[in-house]
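> target.pdb is reproduced below (PDB, C-alpha atoms).
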```pdb
ATOM      1  CA  MET G 370     132.888 -10.304-146.046
ATOM      2  CA  LYS G 371     131.623 -10.735-142.482
ATOM      3  CA  PHE G 372     129.190 -13.567-141.765
ATOM      4  CA  ILE G 373     126.084 -12.281-139.954
ATOM      5  CA  LYS G 374     124.001 -14.713-137.900
ATOM      6  CA  PRO G 375     121.281 -14.656-135.218
ATOM      7  CA  VAL G 376     122.219 -15.896-131.744
ATOM      8  CA  CYS G 377     120.793 -16.084-128.226
ATOM      9  CA  LEU G 378     122.822 -13.969-125.800
ATOM     10  CA  HIS G 379     123.585 -14.745-122.154
ATOM     11  CA  ALA G 380     126.447 -12.372-121.228
ATOM     12  CA  ARG G 381     125.157  -9.260-119.478
ATOM     13  CA  ASP G 382     128.362  -7.284-120.029
ATOM     14  CA  GLU G 383     128.194  -7.865-123.769
ATOM     15  CA  ILE G 384     124.543  -6.827-123.919
ATOM     16  CA  GLU G 385     125.147  -3.750-121.757
ATOM     17  CA  ALA G 386     128.004  -2.531-123.969
ATOM     18  CA  PHE G 387     125.750  -2.599-127.015
ATOM     19  CA  LEU G 388     122.774  -0.951-125.293
ATOM     20  CA  HIS G 389     124.912   1.868-123.915
ATOM     21  CA  ARG G 390     125.567   3.093-127.439
ATOM     22  CA  GLN G 391     122.082   4.650-127.229
ATOM     23  CA  PRO G 392     121.134   4.553-123.548
ATOM     24  CA  PHE G 393     118.000   6.700-123.787
ATOM     25  CA  VAL G 394     116.612   4.507-126.575
ATOM     26  CA  HIS G 395     117.351   1.320-124.628
ATOM     27  CA  LEU G 396     116.412   2.326-121.074
ATOM     28  CA  TYR G 397     113.978  -0.556-120.639
ATOM     29  CA  GLU G 398     116.470  -3.110-121.870
ATOM     30  CA  LEU G 399     119.268  -1.702-119.694
ATOM     31  CA  GLY G 400     117.010  -1.803-116.656
ATOM     32  CA  ASP G 401     116.040  -5.392-117.423
ATOM     33  CA  LEU G 402     119.684  -6.416-117.029
ATOM     34  CA  ASP G 403     119.195  -5.850-113.302
ATOM     35  CA  ASP G 404     118.818  -8.940-111.100
ATOM     36  CA  PHE G 405     115.282  -7.756-110.320
ATOM     37  CA  PHE G 406     114.279  -8.464-113.963
ATOM     38  CA  TRP G 407     117.087 -10.593-115.464
ATOM     39  CA  SER G 408     115.472 -13.992-114.876
ATOM     40  CA  TYR G 409     112.489 -12.888-116.968
ATOM     41  CA  THR G 410     114.570 -11.938-120.018
ATOM     42  CA  ILE G 411     115.532 -13.705-123.249
ATOM     43  CA  TRP G 412     117.967 -11.867-125.519
ATOM     44  CA  TYR G 413     118.389 -12.408-129.252
ATOM     45  CA  ALA G 414     121.017 -10.703-131.378
ATOM     46  CA  LEU G 415     122.256 -10.376-134.899
ATOM     47  CA  LYS G 416     126.033 -10.724-134.772
ATOM     48  CA  ASP G 417     128.913 -10.656-137.152
ATOM     49  CA  SER G 418     132.354 -12.043-136.367
ATOM     50  CA  ASP G 419     133.291  -8.919-134.392
ATOM     51  CA  SER G 420     130.257  -7.492-132.658
ATOM     52  CA  ILE G 421     126.524  -7.277-132.008
ATOM     53  CA  ARG G 422     124.636  -5.477-134.770
ATOM     54  CA  GLN G 423     121.052  -5.677-133.429
ATOM     55  CA  ILE G 424     119.375  -6.813-130.204
ATOM     56  CA  VAL G 425     115.827  -7.910-129.402
ATOM     57  CA  LEU G 426     114.566  -8.541-125.869
ATOM     58  CA  LEU G 427     111.670 -10.822-124.973
ATOM     59  CA  TYR G 428     110.524  -9.955-121.442
ATOM     60  CA  THR G 429     108.429 -12.708-119.851
ATOM     61  CA  GLY G 430     107.764 -11.198-116.432
ATOM     62  CA  ALA G 431     104.449  -9.622-117.413
ATOM     63  CA  GLU G 432     101.140 -11.464-117.853
ATOM     64  CA  LEU G 433     101.581 -10.870-121.591
ATOM     65  CA  PRO G 434     105.202 -11.280-122.804
ATOM     66  CA  VAL G 435     106.711  -8.099-124.260
ATOM     67  CA  LEU G 436     109.079  -7.939-127.234
ATOM     68  CA  LEU G 437     111.363  -4.896-127.527
ATOM     69  CA  GLY G 438     113.101  -4.209-130.819
ATOM     70  CA  PHE G 439     114.545  -0.771-131.572
ATOM     71  CA  SER G 440     116.943   0.099-134.360
ATOM     72  CA  GLU G 441     117.704   2.815-136.887
ATOM     73  CA  ASP G 442     118.448   0.035-139.394
ATOM     74  CA  GLY G 443     115.043  -1.429-140.224
ATOM     75  CA  ASP G 444     116.438  -3.976-142.679
ATOM     76  CA  GLU G 445     118.802  -5.570-140.176
ATOM     77  CA  MET G 446     116.199  -5.543-137.406
ATOM     78  CA  SER G 447     113.702  -7.188-139.774
ATOM     79  CA  LYS G 448     116.287  -9.863-140.550
ATOM     80  CA  LEU G 449     116.729 -10.598-136.844
ATOM     81  CA  LEU G 450     112.979 -10.704-136.198
ATOM     82  CA  ARG G 451     112.408 -13.106-139.115
ATOM     83  CA  SER G 452     115.108 -15.404-137.760
ATOM     84  CA  ILE G 453     113.410 -15.762-134.354
ATOM     85  CA  LEU G 454     109.761 -15.983-135.463
ATOM     86  CA  HIS G 455     109.592 -19.683-134.571
ATOM     87  CA  LEU G 456     110.874 -18.936-131.047
ATOM     88  CA  LEU G 457     108.283 -16.312-130.101
ATOM     89  CA  PRO G 458     105.089 -16.845-128.061
ATOM     90  CA  LYS G 459     101.731 -17.385-129.714
ATOM     91  CA  ARG G 460     100.594 -14.081-128.249
ATOM     92  CA  PHE G 461     102.721 -11.163-127.137
ATOM     93  CA  TYR G 462     102.967  -7.375-126.942
ATOM     94  CA  ALA G 463     105.628  -5.590-128.986
ATOM     95  CA  HIS G 464     107.450  -2.260-129.083
ATOM     96  CA  LEU G 465     108.991  -1.951-132.544
ATOM     97  CA  SER G 466     110.755   0.807-134.447
ATOM     98  CA  SER G 467     110.413   1.644-138.149
ATOM     99  CA  ASN G 468     108.159  -0.636-140.220
ATOM    100  CA  THR G 469     109.558  -3.868-138.825
ATOM    101  CA  VAL G 470     106.118  -5.053-137.671
ATOM    102  CA  ALA G 471     105.550  -6.068-141.310
ATOM    103  CA  VAL G 472     107.736  -9.102-140.585
ATOM    104  CA  PHE G 473     104.826 -10.598-138.616
ATOM    105  CA  ALA G 474     102.064  -9.894-141.144
ATOM    106  CA  GLN G 475     102.003 -13.363-142.737
ATOM    107  CA  ASP G 476     101.875 -15.370-139.509
ATOM    108  CA  TYR G 477     100.339 -13.095-136.877
ATOM    109  CA  GLN G 478      97.219 -11.022-136.523
ATOM    110  CA  ILE G 479      98.497  -7.539-135.711
ATOM    111  CA  HIS G 480      96.573  -5.077-133.574
ATOM    112  CA  SER G 481      98.182  -1.645-133.515
ATOM    113  CA  HIS G 482      97.964   0.486-130.371
ATOM    114  CA  GLY G 483      99.323   3.529-132.178
ATOM    115  CA  THR G 484     102.459   5.584-132.497
ATOM    116  CA  PHE G 485     104.522   6.393-129.415
ATOM    117  CA  TYR G 486     107.412   8.666-128.502
ATOM    118  CA  LYS G 487     110.410   7.855-126.376
ATOM    119  CA  MET G 488     111.248  10.892-124.268
ATOM    120  CA  ALA G 489     114.423  11.581-122.280
ATOM    121  CA  LEU G 490     115.038  13.876-119.330
ATOM    122  CA  THR G 491     117.700  16.149-120.832
ATOM    123  CA  ASN G 492     117.086  19.351-118.845
ATOM    124  CA  PRO G 493     116.540  18.348-115.200
ATOM    125  CA  SER G 494     116.862  21.954-113.999
ATOM    126  CA  CYS G 495     113.202  22.374-115.034
ATOM    127  CA  LEU G 496     112.198  20.130-112.127
ATOM    128  CA  ASP G 497     113.171  22.810-109.620
ATOM    129  CA  LYS G 498     110.395  25.084-110.878
ATOM    130  CA  VAL G 499     107.666  22.711-109.632
ATOM    131  CA  ALA G 500     106.267  22.903-106.091
ATOM    132  CA  THR G 501     106.140  19.335-104.753
ATOM    133  CA  TYR G 502     105.398  19.898-101.047
ATOM    134  CA  SER G 503     102.025  18.089-101.305
ATOM    135  CA  VAL G 504     103.535  14.937-102.822
ATOM    136  CA  GLU G 505     104.134  11.881-100.622
ATOM    137  CA  GLN G 506     106.178   8.731-101.088
ATOM    138  CA  LEU G 507     104.102   5.560-101.430
ATOM    139  CA  SER G 508     104.830   2.067-100.118
ATOM    140  CA  HIS G 509     103.311  -1.406 -99.988
ATOM    141  CA  SER G 510     100.812  -0.150 -97.442
ATOM    142  CA  ASP G 511      99.298   1.977-100.238
ATOM    143  CA  VAL G 512      98.857  -0.852-102.748
ATOM    144  CA  HIS G 513      95.076  -1.058-102.343
ATOM    145  CA  ASP G 514      94.703   2.700-102.828
ATOM    146  CA  LEU G 515      96.904   2.467-105.916
ATOM    147  CA  GLU G 516      94.930  -0.393-107.425
ATOM    148  CA  ALA G 517      91.659   1.432-106.747
ATOM    149  CA  LEU G 518      92.952   4.564-108.499
ATOM    150  CA  TYR G 519      94.214   2.569-111.487
ATOM    151  CA  GLN G 520      90.893   0.768-111.805
ATOM    152  CA  ILE G 521      89.129   4.119-112.169
ATOM    153  CA  SER G 522      91.601   6.179-114.149
ATOM    154  CA  TYR G 523      93.992   3.766-115.889
ATOM    155  CA  PRO G 524      92.510   0.257-116.189
ATOM    156  CA  GLY G 525      94.980  -0.698-118.930
ATOM    157  CA  ASN G 526      97.995  -0.059-116.696
ATOM    158  CA  TRP G 527     101.210  -2.096-116.421
ATOM    159  CA  PHE G 528     101.444  -1.751-112.638
ATOM    160  CA  ASP G 529     103.561  -4.380-110.912
ATOM    161  CA  PRO G 530     103.253  -4.172-107.088
ATOM    162  CA  ARG G 531     106.866  -5.401-106.862
ATOM    163  CA  MET G 532     107.971  -1.988-108.105
ATOM    164  CA  LEU G 533     106.873  -0.421-104.824
ATOM    165  CA  GLU G 534     109.977  -2.067-103.359
ATOM    166  CA  THR G 535     112.084   0.491-105.244
ATOM    167  CA  GLY G 536     110.715   3.333-103.103
ATOM    168  CA  HIS G 537     110.023   5.328-106.255
ATOM    169  CA  TYR G 538     106.250   5.693-106.348
ATOM    170  CA  TYR G 539     104.818   9.080-105.401
ATOM    171  CA  GLY G 540     101.279  10.366-105.030
ATOM    172  CA  VAL G 541      98.977  13.191-104.027
ATOM    173  CA  ARG G 542      95.914  12.718-101.847
ATOM    174  CA  GLN G 543      92.682  14.633-101.569
ATOM    175  CA  GLY G 544      91.669  13.936 -98.005
ATOM    176  CA  SER G 545      92.360  10.226 -97.588
ATOM    177  CA  ALA G 546      91.857   9.401-101.274
ATOM    178  CA  LEU G 547      94.835   8.915-103.581
ATOM    179  CA  VAL G 548      94.106  11.036-106.664
ATOM    180  CA  SER G 549      97.369  11.211-108.608
ATOM    181  CA  VAL G 550     100.398   8.941-108.888
ATOM    182  CA  ALA G 551     103.682   8.502-110.746
ATOM    183  CA  GLY G 552     105.952   5.486-110.541
ATOM    184  CA  VAL G 553     108.586   3.532-112.402
ATOM    185  CA  HIS G 554     108.412   0.701-114.892
ATOM    186  CA  VAL G 555     112.157   0.157-114.677
ATOM    187  CA  TYR G 556     114.613   1.202-111.977
ATOM    188  CA  SER G 557     118.219   0.057-111.718
ATOM    189  CA  PRO G 558     120.846   1.841-109.617
ATOM    190  CA  GLN G 559     123.365  -0.714-110.895
ATOM    191  CA  TYR G 560     122.849   0.282-114.519
ATOM    192  CA  ARG G 561     121.949   3.886-113.605
ATOM    193  CA  VAL G 562     118.629   3.950-115.506
ATOM    194  CA  ALA G 563     114.948   4.484-114.783
ATOM    195  CA  THR G 564     111.747   4.845-116.771
ATOM    196  CA  LEU G 565     108.617   6.575-115.537
ATOM    197  CA  GLY G 566     105.403   4.582-115.745
ATOM    198  CA  ASN G 567     101.855   4.123-114.522
ATOM    199  CA  VAL G 568     101.340   7.881-114.300
ATOM    200  CA  THR G 569      97.691   8.781-113.827
ATOM    201  CA  THR G 570      95.303  11.222-112.174
ATOM    202  CA  HIS G 571      91.713  10.580-111.115
ATOM    203  CA  PRO G 572      89.316  12.008-113.771
ATOM    204  CA  ASP G 573      87.755  14.368-111.220
ATOM    205  CA  PHE G 574      91.126  15.965-110.413
ATOM    206  CA  ARG G 575      92.725  16.409-113.817
ATOM    207  CA  HIS G 576      93.949  19.734-115.260
ATOM    208  CA  GLN G 577      95.199  20.863-111.847
ATOM    209  CA  GLY G 578      98.873  20.132-112.438
ATOM    210  CA  LEU G 579      98.940  17.116-110.129
ATOM    211  CA  ALA G 580     100.684  14.844-112.644
ATOM    212  CA  THR G 581     103.371  17.480-113.110
ATOM    213  CA  LYS G 582     103.949  17.553-109.344
ATOM    214  CA  VAL G 583     104.177  13.801-108.815
ATOM    215  CA  CYS G 584     106.429  13.341-111.860
ATOM    216  CA  ALA G 585     108.715  16.162-110.742
ATOM    217  CA  LYS G 586     109.069  14.672-107.262
ATOM    218  CA  LEU G 587     109.698  11.229-108.716
ATOM    219  CA  CYS G 588     112.406  12.498-111.076
ATOM    220  CA  GLN G 589     114.090  14.460-108.293
ATOM    221  CA  SER G 590     114.266  11.314-106.176
ATOM    222  CA  LEU G 591     115.575   9.215-109.074
ATOM    223  CA  LEU G 592     118.401  11.611-109.918
ATOM    224  CA  GLY G 593     120.108  10.637-106.695
ATOM    225  CA  SER G 594     120.794   7.135-108.010
ATOM    226  CA  VAL G 595     120.497   7.097-111.834
ATOM    227  CA  ASP G 596     121.991   8.986-114.785
ATOM    228  CA  TYR G 597     119.340   8.328-117.420
ATOM    229  CA  ILE G 598     115.593   8.891-116.979
ATOM    230  CA  GLY G 599     113.076   8.385-119.756
ATOM    231  CA  LEU G 600     109.520   7.377-120.574
ATOM    232  CA  ASN G 601     107.222   6.229-123.354
ATOM    233  CA  VAL G 602     104.099   8.218-124.254
ATOM    234  CA  LYS G 603     101.466   7.905-126.960
ATOM    235  CA  ALA G 604     102.048  10.445-129.732
ATOM    236  CA  ASP G 605      98.494  11.787-129.590
ATOM    237  CA  ASN G 606      98.582  12.372-125.803
ATOM    238  CA  THR G 607      99.401  16.044-126.214
ATOM    239  CA  GLY G 608      98.555  16.927-122.625
ATOM    240  CA  ALA G 609     101.008  14.414-121.190
ATOM    241  CA  ILE G 610     103.689  15.384-123.701
ATOM    242  CA  SER G 611     103.362  19.059-122.732
ATOM    243  CA  CYS G 612     103.644  18.089-119.064
ATOM    244  CA  TYR G 613     106.822  16.110-119.683
ATOM    245  CA  GLN G 614     108.339  18.856-121.811
ATOM    246  CA  ARG G 615     107.773  21.349-118.981
ATOM    247  CA  LEU G 616     109.695  18.973-116.722
ATOM    248  CA  GLY G 617     112.686  18.917-119.069
ATOM    249  CA  PHE G 618     111.965  15.886-121.247
ATOM    250  CA  GLU G 619     112.410  15.867-125.026
ATOM    251  CA  LYS G 620     111.347  13.456-127.783
ATOM    252  CA  ILE G 621     114.194  11.241-128.961
ATOM    253  CA  ALA G 622     112.574   8.389-130.933
ATOM    254  CA  VAL G 623     109.330   7.208-132.530
ATOM    255  CA  TYR G 624     108.040   3.641-132.456
ATOM    256  CA  GLY G 625     104.836   1.564-132.551
ATOM    257  CA  GLU G 626     103.148  -0.684-129.999
ATOM    258  CA  TYR G 627     101.246  -3.813-131.051
ATOM    259  CA  THR G 628      99.527  -6.935-129.807
ATOM    260  CA  LEU G 629     100.343  -9.962-131.965
ATOM    261  CA  ASP G 630      98.365 -13.218-132.130
ATOM    262  CA  LEU G 631      99.650 -16.223-134.034
ATOM    263  CA  THR G 632      97.395 -17.355-136.895
ATOM    264  CA  THR G 633      99.822 -19.713-138.688
ATOM    265  CA  ILE G 634     101.701 -22.730-137.360
ATOM    266  CA  LEU G 635     105.399 -21.962-137.727
ATOM    267  CA  SER G 636     107.832 -24.737-138.515
TER     268      SER G 636
END
```
Could you write out this file's structure as structure tokens?

Amino acid sequence: MKFIKPVCLHARDEIEAFLHRQPFVHLYELGDLDDFFWSYTIWYALKDSDSIRQIVLLYTGAELPVLLGFSEDGDEMSKLLRSILHLLPKRFYAHLSSNTVAVFAQDYQIHSHGTFYKMALTNPSCLDKVATYSVEQLSHSDVHDLEALYQISYPGNWFDPRMLETGHYYGVRQGSALVSVAGVHVYSPQYRVATLGNVTTHPDFRHQGLATKVCAKLCQSLLGSVDYIGLNVKADNTGAISCYQRLGFEKIAVYGEYTLDLTTILS
């Protein structure tokens, strides 16, 4: 019988090999192997004598640390999460599959942000049907316009100005005002992955197809350097889901997002 134990991982190649078993499910984790993100990552795994069975990533580069734990085997993932409870921050954000959040119920106050879908770009030919001539590439010189737009239309965003360095933020202007934008949360040419993020349109300019245009242009630009493109979207955001489906994305997984606050001192 194989002995299964939790460990902290440090070898990128070993982590990558496991994540590539389901690349669309693990796009964020694969992207975080990149040097751009690696120093902000802590990796925990459940291993037997031969191989990794489960992986959890704690990303510390955001203002609020983010825990990522996805698995089709809820029992094994729960076992891994229980084993690292004493190592986790007092407060963090979590993306968790199945019902594994129950592991935290005794020690943490859990605030659910709802059910989400992971979507993958599986039919990129759909992108060619979208007219993107009005879309422009954004840079650091546009950061103030971006922050102003997010403040109005997406105050709960996860925008990191560093991501403008990737060259993969695109927008549409009305006059001089930026009114729609799409960017990336993760981008890694080395690991050939990207995830769309911080997509928003000014409330006064919605329902005009602007988000479809900026996302199409962004995906077209990404396909020159990555093989896997995906995104996360709230399950009740039917408008956004329809937009992404028109662009060639499909739902591939369901998970929950939570904020967790420690209420019990863990020994």
> Residues of stretch 503-593 of chain G that have any atom at most 12 Å from an atom of stretch 406-414 of chain G: could you tabulate them with the shortest-distance atom pair and the distance in Å to one decimal, using all atoms listed in the file, ordered by chain and increasing number, as CSV?

```
residue,atom,partner,partner_atom,distance
G:Asp529,CA,G:Phe406,CA,11.9
G:Arg531,CA,G:Phe406,CA,10.7
G:Met532,CA,G:Phe406,CA,10.8
G:His554,CA,G:Phe406,CA,10.9
G:Val555,CA,G:Phe406,CA,8.9
G:Tyr556,CA,G:Phe406,CA,9.9
G:Ser557,CA,G:Phe406,CA,9.7
```
> Taking the file as shown, find all residues satisfying the PyMOL selection byres ((chain G and resi 565) around 10) and write them as an mmCIF file with C-alpha atoms, in the coordinates of the input.

```cif
data_model
loop_
_atom_site.group_PDB
_atom_site.id
_atom_site.type_symbol
_atom_site.label_atom_id
_atom_site.label_comp_id
_atom_site.auth_asym_id
_atom_site.auth_seq_id
_atom_site.Cartn_x
_atom_site.Cartn_y
_atom_site.Cartn_z
ATOM 1 C CA HIS G 537 110.023 5.328 -106.255
ATOM 2 C CA TYR G 538 106.250 5.693 -106.348
ATOM 3 C CA ALA G 551 103.682 8.502 -110.746
ATOM 4 C CA GLY G 552 105.952 5.486 -110.541
ATOM 5 C CA VAL G 553 108.586 3.532 -112.402
ATOM 6 C CA HIS G 554 108.412 0.701 -114.892
ATOM 7 C CA VAL G 555 112.157 0.157 -114.677
ATOM 8 C CA TYR G 556 114.613 1.202 -111.977
ATOM 9 C CA ALA G 563 114.948 4.484 -114.783
ATOM 10 C CA THR G 564 111.747 4.845 -116.771
ATOM 11 C CA GLY G 566 105.403 4.582 -115.745
ATOM 12 C CA ASN G 567 101.855 4.123 -114.522
ATOM 13 C CA VAL G 568 101.340 7.881 -114.300
ATOM 14 C CA CYS G 584 106.429 13.341 -111.860
ATOM 15 C CA LEU G 587 109.698 11.229 -108.716
ATOM 16 C CA CYS G 588 112.406 12.498 -111.076
ATOM 17 C CA LEU G 591 115.575 9.215 -109.074
ATOM 18 C CA ILE G 598 115.593 8.891 -116.979
ATOM 19 C CA GLY G 599 113.076 8.385 -119.756
ATOM 20 C CA LEU G 600 109.520 7.377 -120.574
ATOM 21 C CA ASN G 601 107.222 6.229 -123.354
ATOM 22 C CA VAL G 602 104.099 8.218 -124.254
#
```
> Running the PyMOL selection byres ((chain G and resi 435-437) around 12) on this model by hand, what would come out? Give it as number ranges by chain.
G: 394-399, 401, 409-414, 423-434, 438-440, 446, 450, 453-454, 456-466, 469-470, 527, 624-629
> Quick one: which residues end up in the PyMOL selection byres ((chain G and resi 618) around 8) for this structure, as a ChimeraX atom specification?
/G:488-493,599,613-617,619-620
> Emit the selected residues as a PDB file, in the coordinates of the input, including C-alpha atoms.

```pdb
ATOM      1  CA  MET G 488     111.248  10.892-124.268  1.00  0.00           C
ATOM      2  CA  ALA G 489     114.423  11.581-122.280  1.00  0.00           C
ATOM      3  CA  LEU G 490     115.038  13.876-119.330  1.00  0.00           C
ATOM      4  CA  THR G 491     117.700  16.149-120.832  1.00  0.00           C
ATOM      5  CA  ASN G 492     117.086  19.351-118.845  1.00  0.00           C
ATOM      6  CA  PRO G 493     116.540  18.348-115.200  1.00  0.00           C
ATOM      7  CA  GLY G 599     113.076   8.385-119.756  1.00  0.00           C
ATOM      8  CA  TYR G 613     106.822  16.110-119.683  1.00  0.00           C
ATOM      9  CA  GLN G 614     108.339  18.856-121.811  1.00  0.00           C
ATOM     10  CA  ARG G 615     107.773  21.349-118.981  1.00  0.00           C
ATOM     11  CA  LEU G 616     109.695  18.973-116.722  1.00  0.00           C
ATOM     12  CA  GLY G 617     112.686  18.917-119.069  1.00  0.00           C
ATOM     13  CA  GLU G 619     112.410  15.867-125.026  1.00  0.00           C
ATOM     14  CA  LYS G 620     111.347  13.456-127.783  1.00  0.00           C
TER      15      LYS G 620
END
```
> Between atom CA of G:Asp605 and atom CA of G:Val504, what distance in Å does the model show, to one decimal?
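Spanning atom CA of G:Asp605 to atom CA of G:Val504 is a straight-line distance of 27.4 Å.
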> What gap, in Å, lies between atom CA of G:Val541 and atom CA of G:His513?
14.9 Å
> So what do you get for atom CA of G:Asp497 versus atom CA of G:Gly540, distance-wise?
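One can read the atom CA of G:Asp497 to atom CA of G:Gly540 distance as 17.8 Å.
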> Restricting the calculation to only C-alpha atoms, which member of G:Val562, G:Ala604, G:Leu592, G:Leu579 is positioned closest to G:Pro392?
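Using only C-alpha atoms, G:Pro392 sits closest to G:Val562.
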> Using all atoms listed in the file for the distances, tell me which of G:Tyr560, G:Tyr597, G:Phe528, G:Phe574 is nearest to G:Glu385.
G:Tyr560
